[in-house]
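Here the structure is laid out as structure tokens; the discussion comes afterwards.
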Number of protein chains: 2
Amino acid sequence: MIQEQPFTITGIAKGAGMIRPQMATMLAFIATDAMIPTPLLQTSLHQAVQASFNRITIDGDTSTNDACVLVATGQGPLKMTHSNETALTLFTQTLTEVCTQLAQAIVRDGEGATKFITIKVEQGLVEAECLEVAYTIAHSPLVKTAFFASDANWGRILAAVGRAPLQNLEINKVQIYLGGVCIVENGGVAASYTEALGHQVMQAIDITIKVVLNRGIAQAEIWTCDFSYNYVRINAEYRT
Amino acid sequence: MIQEQPFTITGIAKGAGMIRPQMATMLAFIATDAMIPTPLLQTSLHQAVQASFNRITIDGDTSTNDACVLVATGQGPLKMTHSNETALTLFTQTLTEVCTQLAQAIVRDGEGATKFITIKVEQGLVEAECLEVAYTIAHSPLVKTAFFASDANWGRILAAVGRAPLQNLEINKVQIYLGGVCIVENGGVAASYTEALGHQVMQAIDITIKVVLNRGIAQAEIWTCDFSYNYVRINAEYRT
């Protein structure tokens, strides 16, 4: 629940397995007291969902059963309209924060998850290609099992970047960071990288992979989790 | 080693993890005594590899280090030329058999594999779309963990077919078989299907998934394996 504004937004959500391509197997219920016309509410929700529930993945598997429902009671003090752009922008920002908290909670609750992985892809030509790179990394079983093992395996991440379906990517220009540590540059392991540095970064539960494509100004960020024994157990033994 | 022909072909191969997109992390060495010009040998090998080493996957991950080497000593009794089409066809067929045996052996030896899964996709518009469907099934962690559990989970297979990147697929026309048992028809579980039938089929080590798209005459066949605790162990603990 986020307050300190002329409205309140509260949400709950459940996951968490096959939540691709957009939200599937996910249910989110959000309520607000904001006084806001339905079309504006729908636009706000669409923007918030794009940046939150549509930016997470567990195992790449998909489902058809999803919902994100937003109810506005209209009891709040401030009427939000097109002419009140400041209030509307604040509302959408706050709604996005709520959705992002819920989306990240789904990933933390992912089947068998032990790590929370943020994947940022920067300096791409367009957002779509940044997302392609991010999801290719996020869906690699080898990257996911390396994170489960707290193993800073730069080669597995680089291989995933290399096979993402991008046109004319110059892999030698790509830089990859784990937390603040540069692990890949010039097509191989970074000159400044040491195993001790990688080991240190990987001890955390929350870890960020940053990929710099060096060919544009677009960027994207998604969240995923690792691949553990418990993922296999949950999905193999769910009937026993 | 396959003989009874006017030539001998012998091969060895090693796998087996990230063998996508074509052969990677795989080494195969094949030798023959056939008397055959290099261009014809190259053509035969290309055809054989397309139908064997390029039709397998373990986890969808990729690598850059592959090789399939074929050496011909030319000591055999029969000279193979363009004009001797029968002998040339026989040679390519036999080479394909050797490569298929090796490719399937790589899958059986896949990291943590307990099941050998043949995926046949039939009645597609073109071979490429049959391959898309086959690889989407083969790379689904949910399908792979279900096979590890000997669980005839028709819904996970159907969901994978449904999200394969095909244009205008009518999912209600798709039939899916496990072994000889029809598990999906008319967009849901087959009328004749029972859990006892599914349970029986899934006890085998070698299991065939057949998907009938009902919209053309193209087909494709690939081989893959399941996803087990040992897959996670091998790829998480390989440094310890």
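Chain labels run A, B, ... following the order of the structure tokens; each chain numbers its residues from 1, and ligands are numbered from 1 in the order shown.
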Item to complete: Please give the complete set of residues from region 20-173 of chain B that DSSP, run on the backbone, assigns to alpha helix (DSSP H), formatted as a PyMOL selection string.
Response: chain B and resi 38-50+85-108+127-138+141-148+154-163
Fill in: Distance filter 10 Å, only C-alpha atoms, chain A against chain B, as a ChimeraX atom specification
/A:17-18,20-21,59-64,136,139-151,155-156,159-160,162-163,227-240
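The residue that comes closest to Thr81 (chain A), out of A:Ala67, A:Ala51, A:Ile106, A:Leu40 and on the basis of only C-alpha atoms, is A:Leu40.
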Discussion item. Excluding Ile176 (chain B) and its own-chain neighbours fewer than 5 positions away, which residues fall within 6 Å of it when counting only C-alpha atoms? Please give them as a PyMOL selection string.
Written reply: chain B and resi 182-184+210-211
List the neighbours of Thr32 (chain A) out to 10 Å using only C-alpha atoms; skip same-chain residues closer than 2 positions along the sequence, and give me the result as a PDB file with all heavy atoms, in the first residue's frame.
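Result written to selection-v3.pdb:
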```pdb
ATOM      1  N   MET A   1       0.849  -1.192   0.000  1.00  0.00           N
ATOM      2  CA  MET A   1       0.000   0.000   0.000  1.00  0.00           C
ATOM      3  C   MET A   1       0.888   1.247   0.000  1.00  0.00           C
ATOM      4  O   MET A   1       1.770   1.374   0.835  1.00  0.00           O
ATOM      5  CB  MET A   1      -0.910  -0.028   1.229  1.00  0.00           C
ATOM      6  CG  MET A   1      -2.092   0.876   1.109  1.00  0.00           C
ATOM      7  SD  MET A   1      -3.266   0.608   2.477  1.00  0.00           S
ATOM      8  CE  MET A   1      -2.666   1.826   3.632  1.00  0.00           C
ATOM      9  N   PHE A   7      -4.831   9.821  -2.964  1.00  0.00           N
ATOM     10  CA  PHE A   7      -5.530   8.558  -3.284  1.00  0.00           C
ATOM     11  C   PHE A   7      -4.737   7.428  -2.637  1.00  0.00           C
ATOM     12  O   PHE A   7      -3.581   7.598  -2.267  1.00  0.00           O
ATOM     13  CB  PHE A   7      -5.615   8.340  -4.801  1.00  0.00           C
ATOM     14  CG  PHE A   7      -4.305   8.510  -5.505  1.00  0.00           C
ATOM     15  CD1 PHE A   7      -3.364   7.493  -5.492  1.00  0.00           C
ATOM     16  CD2 PHE A   7      -3.985   9.699  -6.157  1.00  0.00           C
ATOM     17  CE1 PHE A   7      -2.143   7.663  -6.129  1.00  0.00           C
ATOM     18  CE2 PHE A   7      -2.767   9.868  -6.787  1.00  0.00           C
ATOM     19  CZ  PHE A   7      -1.838   8.840  -6.763  1.00  0.00           C
ATOM     20  N   THR A   8      -5.389   6.297  -2.507  1.00  0.00           N
ATOM     21  CA  THR A   8      -4.756   5.107  -1.959  1.00  0.00           C
ATOM     22  C   THR A   8      -4.847   4.000  -2.997  1.00  0.00           C
ATOM     23  O   THR A   8      -5.875   3.888  -3.686  1.00  0.00           O
ATOM     24  CB  THR A   8      -5.500   4.673  -0.680  1.00  0.00           C
ATOM     25  OG1 THR A   8      -5.480   5.765   0.227  1.00  0.00           O
ATOM     26  CG2 THR A   8      -4.844   3.456  -0.037  1.00  0.00           C
ATOM     27  N   ILE A   9      -3.778   3.227  -3.142  1.00  0.00           N
ATOM     28  CA  ILE A   9      -3.816   2.074  -4.050  1.00  0.00           C
ATOM     29  C   ILE A   9      -3.374   0.842  -3.263  1.00  0.00           C
ATOM     30  O   ILE A   9      -2.334   0.862  -2.613  1.00  0.00           O
ATOM     31  CB  ILE A   9      -2.881   2.264  -5.264  1.00  0.00           C
ATOM     32  CG1 ILE A   9      -3.253   3.538  -6.034  1.00  0.00           C
ATOM     33  CG2 ILE A   9      -2.939   1.053  -6.174  1.00  0.00           C
ATOM     34  CD1 ILE A   9      -2.308   3.845  -7.202  1.00  0.00           C
ATOM     35  N   THR A  10      -4.155  -0.199  -3.309  1.00  0.00           N
ATOM     36  CA  THR A  10      -3.826  -1.437  -2.620  1.00  0.00           C
ATOM     37  C   THR A  10      -3.902  -2.591  -3.613  1.00  0.00           C
ATOM     38  O   THR A  10      -4.806  -2.602  -4.464  1.00  0.00           O
ATOM     39  CB  THR A  10      -4.844  -1.719  -1.491  1.00  0.00           C
ATOM     40  OG1 THR A  10      -4.980  -0.536  -0.712  1.00  0.00           O
ATOM     41  CG2 THR A  10      -4.369  -2.857  -0.600  1.00  0.00           C
ATOM     42  N   GLY A  11      -2.970  -3.534  -3.535  1.00  0.00           N
ATOM     43  CA  GLY A  11      -3.023  -4.649  -4.484  1.00  0.00           C
ATOM     44  C   GLY A  11      -2.583  -5.958  -3.873  1.00  0.00           C
ATOM     45  O   GLY A  11      -1.800  -5.979  -2.923  1.00  0.00           O
ATOM     46  N   ILE A  30      -6.260  -5.062  -7.749  1.00  0.00           N
ATOM     47  CA  ILE A  30      -5.805  -3.773  -7.262  1.00  0.00           C
ATOM     48  C   ILE A  30      -7.031  -2.888  -7.044  1.00  0.00           C
ATOM     49  O   ILE A  30      -7.969  -2.912  -7.848  1.00  0.00           O
ATOM     50  CB  ILE A  30      -4.834  -3.123  -8.266  1.00  0.00           C
ATOM     51  CG1 ILE A  30      -3.684  -4.098  -8.571  1.00  0.00           C
ATOM     52  CG2 ILE A  30      -4.291  -1.813  -7.732  1.00  0.00           C
ATOM     53  CD1 ILE A  30      -2.856  -3.711  -9.756  1.00  0.00           C
ATOM     54  N   ALA A  34      -9.348   6.392  -5.852  1.00  0.00           N
ATOM     55  CA  ALA A  34      -9.226   7.564  -6.736  1.00  0.00           C
ATOM     56  C   ALA A  34     -10.525   7.835  -7.493  1.00  0.00           C
ATOM     57  O   ALA A  34     -11.220   6.921  -7.924  1.00  0.00           O
ATOM     58  CB  ALA A  34      -8.081   7.346  -7.728  1.00  0.00           C
ATOM     59  N   MET A  35     -10.821   9.108  -7.670  1.00  0.00           N
ATOM     60  CA  MET A  35     -11.965   9.528  -8.464  1.00  0.00           C
ATOM     61  C   MET A  35     -11.436   9.737  -9.887  1.00  0.00           C
ATOM     62  O   MET A  35     -10.739  10.720 -10.161  1.00  0.00           O
ATOM     63  CB  MET A  35     -12.525  10.833  -7.895  1.00  0.00           C
ATOM     64  CG  MET A  35     -13.931  11.162  -8.371  1.00  0.00           C
ATOM     65  SD  MET A  35     -14.418  12.820  -7.847  1.00  0.00           S
ATOM     66  CE  MET A  35     -14.268  12.707  -6.071  1.00  0.00           C
ATOM     67  N   ILE A  36     -11.707   8.812 -10.781  1.00  0.00           N
ATOM     68  CA  ILE A  36     -11.048   8.829 -12.091  1.00  0.00           C
ATOM     69  C   ILE A  36     -11.946   8.137 -13.116  1.00  0.00           C
ATOM     70  O   ILE A  36     -12.484   7.065 -12.848  1.00  0.00           O
ATOM     71  CB  ILE A  36      -9.653   8.148 -11.977  1.00  0.00           C
ATOM     72  CG1 ILE A  36      -8.906   8.139 -13.319  1.00  0.00           C
ATOM     73  CG2 ILE A  36      -9.742   6.736 -11.436  1.00  0.00           C
ATOM     74  CD1 ILE A  36      -7.446   7.730 -13.161  1.00  0.00           C
ATOM     75  N   LEU A  70      -8.395  -3.849 -11.817  1.00  0.00           N
ATOM     76  CA  LEU A  70      -8.251  -2.609 -11.045  1.00  0.00           C
ATOM     77  C   LEU A  70      -9.635  -2.008 -10.815  1.00  0.00           C
ATOM     78  O   LEU A  70     -10.386  -1.769 -11.762  1.00  0.00           O
ATOM     79  CB  LEU A  70      -7.362  -1.625 -11.803  1.00  0.00           C
ATOM     80  CG  LEU A  70      -7.269  -0.198 -11.252  1.00  0.00           C
ATOM     81  CD1 LEU A  70      -6.802  -0.185  -9.807  1.00  0.00           C
ATOM     82  CD2 LEU A  70      -6.307   0.616 -12.115  1.00  0.00           C
ATOM     83  N   VAL A  71      -9.959  -1.805  -9.573  1.00  0.00           N
ATOM     84  CA  VAL A  71     -11.261  -1.234  -9.208  1.00  0.00           C
ATOM     85  C   VAL A  71     -11.036   0.143  -8.594  1.00  0.00           C
ATOM     86  O   VAL A  71     -10.163   0.294  -7.741  1.00  0.00           O
ATOM     87  CB  VAL A  71     -11.968  -2.132  -8.172  1.00  0.00           C
ATOM     88  CG1 VAL A  71     -13.279  -1.491  -7.715  1.00  0.00           C
ATOM     89  CG2 VAL A  71     -12.208  -3.519  -8.738  1.00  0.00           C
ATOM     90  N   ALA A  72     -11.798   1.148  -9.025  1.00  0.00           N
ATOM     91  CA  ALA A  72     -11.719   2.483  -8.412  1.00  0.00           C
ATOM     92  C   ALA A  72     -13.074   2.823  -7.796  1.00  0.00           C
ATOM     93  O   ALA A  72     -14.094   2.773  -8.493  1.00  0.00           O
ATOM     94  CB  ALA A  72     -11.327   3.525  -9.453  1.00  0.00           C
ATOM     95  N   THR A  73     -13.062   3.135  -6.519  1.00  0.00           N
ATOM     96  CA  THR A  73     -14.329   3.435  -5.840  1.00  0.00           C
ATOM     97  C   THR A  73     -14.757   4.880  -6.037  1.00  0.00           C
ATOM     98  O   THR A  73     -15.915   5.232  -5.802  1.00  0.00           O
ATOM     99  CB  THR A  73     -14.211   3.176  -4.324  1.00  0.00           C
ATOM    100  OG1 THR A  73     -13.226   4.078  -3.791  1.00  0.00           O
ATOM    101  CG2 THR A  73     -13.811   1.744  -4.044  1.00  0.00           C
ATOM    102  N   GLY A  74     -13.819   5.771  -6.417  1.00  0.00           N
ATOM    103  CA  GLY A  74     -14.178   7.167  -6.648  1.00  0.00           C
ATOM    104  C   GLY A  74     -14.453   7.952  -5.371  1.00  0.00           C
ATOM    105  O   GLY A  74     -15.029   9.040  -5.428  1.00  0.00           O
ATOM    106  N   GLN A  75     -14.030   7.453  -4.244  1.00  0.00           N
ATOM    107  CA  GLN A  75     -14.289   8.127  -2.964  1.00  0.00           C
ATOM    108  C   GLN A  75     -13.202   9.131  -2.593  1.00  0.00           C
ATOM    109  O   GLN A  75     -13.327   9.830  -1.598  1.00  0.00           O
ATOM    110  CB  GLN A  75     -14.406   7.087  -1.836  1.00  0.00           C
ATOM    111  CG  GLN A  75     -15.501   6.063  -2.070  1.00  0.00           C
ATOM    112  CD  GLN A  75     -16.869   6.696  -2.162  1.00  0.00           C
ATOM    113  OE1 GLN A  75     -17.301   7.413  -1.273  1.00  0.00           O
ATOM    114  NE2 GLN A  75     -17.552   6.469  -3.285  1.00  0.00           N
ATOM    115  N   GLY A  76     -12.118   9.194  -3.369  1.00  0.00           N
ATOM    116  CA  GLY A  76     -11.008  10.086  -3.039  1.00  0.00           C
ATOM    117  C   GLY A  76     -11.382  11.552  -3.222  1.00  0.00           C
ATOM    118  O   GLY A  76     -12.365  11.864  -3.900  1.00  0.00           O
ATOM    119  N   PHE A  91      -0.773   9.545 -10.361  1.00  0.00           N
ATOM    120  CA  PHE A  91      -1.553   8.324 -10.166  1.00  0.00           C
ATOM    121  C   PHE A  91      -0.929   7.156 -10.935  1.00  0.00           C
ATOM    122  O   PHE A  91      -0.750   6.066 -10.396  1.00  0.00           O
ATOM    123  CB  PHE A  91      -3.008   8.541 -10.609  1.00  0.00           C
ATOM    124  CG  PHE A  91      -3.856   7.325 -10.431  1.00  0.00           C
ATOM    125  CD1 PHE A  91      -4.348   6.978  -9.177  1.00  0.00           C
ATOM    126  CD2 PHE A  91      -4.149   6.496 -11.508  1.00  0.00           C
ATOM    127  CE1 PHE A  91      -5.117   5.832  -9.000  1.00  0.00           C
ATOM    128  CE2 PHE A  91      -4.912   5.346 -11.340  1.00  0.00           C
ATOM    129  CZ  PHE A  91      -5.399   5.018 -10.089  1.00  0.00           C
ATOM    130  N   LEU A  95       0.592   3.811  -9.371  1.00  0.00           N
ATOM    131  CA  LEU A  95       0.048   2.512  -9.782  1.00  0.00           C
ATOM    132  C   LEU A  95       1.165   1.614 -10.313  1.00  0.00           C
ATOM    133  O   LEU A  95       1.211   0.413 -10.020  1.00  0.00           O
ATOM    134  CB  LEU A  95      -1.028   2.727 -10.857  1.00  0.00           C
ATOM    135  CG  LEU A  95      -1.778   1.483 -11.342  1.00  0.00           C
ATOM    136  CD1 LEU A  95      -2.553   0.833 -10.202  1.00  0.00           C
ATOM    137  CD2 LEU A  95      -2.723   1.844 -12.485  1.00  0.00           C
TER     138      LEU A  95
END
```
Worksheet entry | Test item, strand (DSSP E or B) assignment across chain B, answer as an MDAnalysis selection string | chainID B and resid 2 9:14 20 27:32 35 56 62 67:72 79 116:124 175:178 181:185 188:189 206:212 218:225
Item to complete: May I have the residues within 9 Å of Gly110 (chain B) as a list in words, using only C-alpha atoms and disregarding those fewer than 5 positions away in the same chain?
Response: Gly15, Ala16, Gly17, Thr57, Ile58, Asp59, Ala105, Thr224, Cys225, Asp226 and Tyr231 of chain B
Selection above as a file: all heavy atoms, as an mmCIF file, in the first residue's frame:
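Saved result, selection-v7.cif, follows:
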```cif
data_model
loop_
_atom_site.group_PDB
_atom_site.id
_atom_site.type_symbol
_atom_site.label_atom_id
_atom_site.label_comp_id
_atom_site.auth_asym_id
_atom_site.auth_seq_id
_atom_site.Cartn_x
_atom_site.Cartn_y
_atom_site.Cartn_z
ATOM 1 N N GLY B 15 28.885 -35.641 -26.489
ATOM 2 C CA GLY B 15 27.971 -34.536 -26.205
ATOM 3 C C GLY B 15 28.288 -34.039 -24.824
ATOM 4 O O GLY B 15 29.450 -34.035 -24.490
ATOM 5 N N ALA B 16 27.320 -33.670 -23.969
ATOM 6 C CA ALA B 16 25.949 -33.522 -24.388
ATOM 7 C C ALA B 16 25.291 -32.541 -23.453
ATOM 8 O O ALA B 16 24.858 -32.876 -22.383
ATOM 9 C CB ALA B 16 25.203 -34.844 -24.346
ATOM 10 N N GLY B 17 25.241 -31.326 -23.821
ATOM 11 C CA GLY B 17 24.502 -30.302 -23.092
ATOM 12 C C GLY B 17 24.003 -29.313 -24.112
ATOM 13 O O GLY B 17 23.019 -29.559 -24.800
ATOM 14 N N THR B 57 18.228 -31.749 -29.357
ATOM 15 C CA THR B 57 18.415 -30.658 -28.415
ATOM 16 C C THR B 57 18.372 -31.227 -27.003
ATOM 17 O O THR B 57 17.674 -32.214 -26.749
ATOM 18 C CB THR B 57 17.362 -29.558 -28.594
ATOM 19 O OG1 THR B 57 17.684 -28.465 -27.722
ATOM 20 C CG2 THR B 57 15.944 -30.047 -28.274
ATOM 21 N N ILE B 58 19.142 -30.640 -26.118
ATOM 22 C CA ILE B 58 19.099 -31.061 -24.714
ATOM 23 C C ILE B 58 18.328 -30.020 -23.909
ATOM 24 O O ILE B 58 17.249 -30.273 -23.414
ATOM 25 C CB ILE B 58 20.521 -31.260 -24.127
ATOM 26 C CG1 ILE B 58 21.328 -32.269 -24.961
ATOM 27 C CG2 ILE B 58 20.446 -31.695 -22.658
ATOM 28 C CD1 ILE B 58 20.805 -33.688 -24.964
ATOM 29 N N ASP B 59 18.896 -28.811 -23.792
ATOM 30 C CA ASP B 59 18.272 -27.788 -22.950
ATOM 31 C C ASP B 59 18.003 -26.494 -23.720
ATOM 32 O O ASP B 59 17.571 -25.514 -23.124
ATOM 33 C CB ASP B 59 19.147 -27.509 -21.714
ATOM 34 C CG ASP B 59 20.584 -27.151 -22.086
ATOM 35 O OD1 ASP B 59 20.843 -26.871 -23.276
ATOM 36 O OD2 ASP B 59 21.444 -27.169 -21.193
ATOM 37 N N ALA B 105 22.422 -41.164 -29.511
ATOM 38 C CA ALA B 105 23.249 -41.544 -28.357
ATOM 39 C C ALA B 105 23.625 -40.309 -27.536
ATOM 40 O O ALA B 105 23.709 -40.360 -26.303
ATOM 41 C CB ALA B 105 24.498 -42.295 -28.824
ATOM 42 N N THR B 224 14.881 -35.384 -28.069
ATOM 43 C CA THR B 224 15.337 -34.646 -26.896
ATOM 44 C C THR B 224 15.205 -35.522 -25.647
ATOM 45 O O THR B 224 14.869 -36.704 -25.752
ATOM 46 C CB THR B 224 14.574 -33.312 -26.738
ATOM 47 O OG1 THR B 224 15.207 -32.506 -25.737
ATOM 48 C CG2 THR B 224 13.109 -33.537 -26.337
ATOM 49 N N CYS B 225 15.464 -34.933 -24.490
ATOM 50 C CA CYS B 225 15.410 -35.694 -23.245
ATOM 51 C C CYS B 225 14.654 -34.895 -22.186
ATOM 52 O O CYS B 225 14.186 -33.789 -22.452
ATOM 53 C CB CYS B 225 16.820 -36.023 -22.765
ATOM 54 S SG CYS B 225 17.842 -34.567 -22.499
ATOM 55 N N ASP B 226 14.511 -35.457 -21.014
ATOM 56 C CA ASP B 226 13.761 -34.800 -19.942
ATOM 57 C C ASP B 226 14.679 -33.901 -19.108
ATOM 58 O O ASP B 226 15.860 -33.737 -19.422
ATOM 59 C CB ASP B 226 13.057 -35.845 -19.074
ATOM 60 C CG ASP B 226 14.037 -36.806 -18.422
ATOM 61 O OD1 ASP B 226 15.141 -37.014 -18.994
ATOM 62 O OD2 ASP B 226 13.742 -37.329 -17.348
ATOM 63 N N TYR B 231 20.082 -32.777 -13.961
ATOM 64 C CA TYR B 231 20.430 -31.679 -14.866
ATOM 65 C C TYR B 231 20.858 -30.467 -14.050
ATOM 66 O O TYR B 231 21.873 -29.827 -14.334
ATOM 67 C CB TYR B 231 19.261 -31.303 -15.791
ATOM 68 C CG TYR B 231 19.611 -30.109 -16.648
ATOM 69 C CD1 TYR B 231 20.297 -30.268 -17.842
ATOM 70 C CD2 TYR B 231 19.340 -28.801 -16.221
ATOM 71 C CE1 TYR B 231 20.677 -29.186 -18.600
ATOM 72 C CE2 TYR B 231 19.724 -27.709 -16.964
ATOM 73 C CZ TYR B 231 20.392 -27.908 -18.154
ATOM 74 O OH TYR B 231 20.794 -26.821 -18.882
#
```
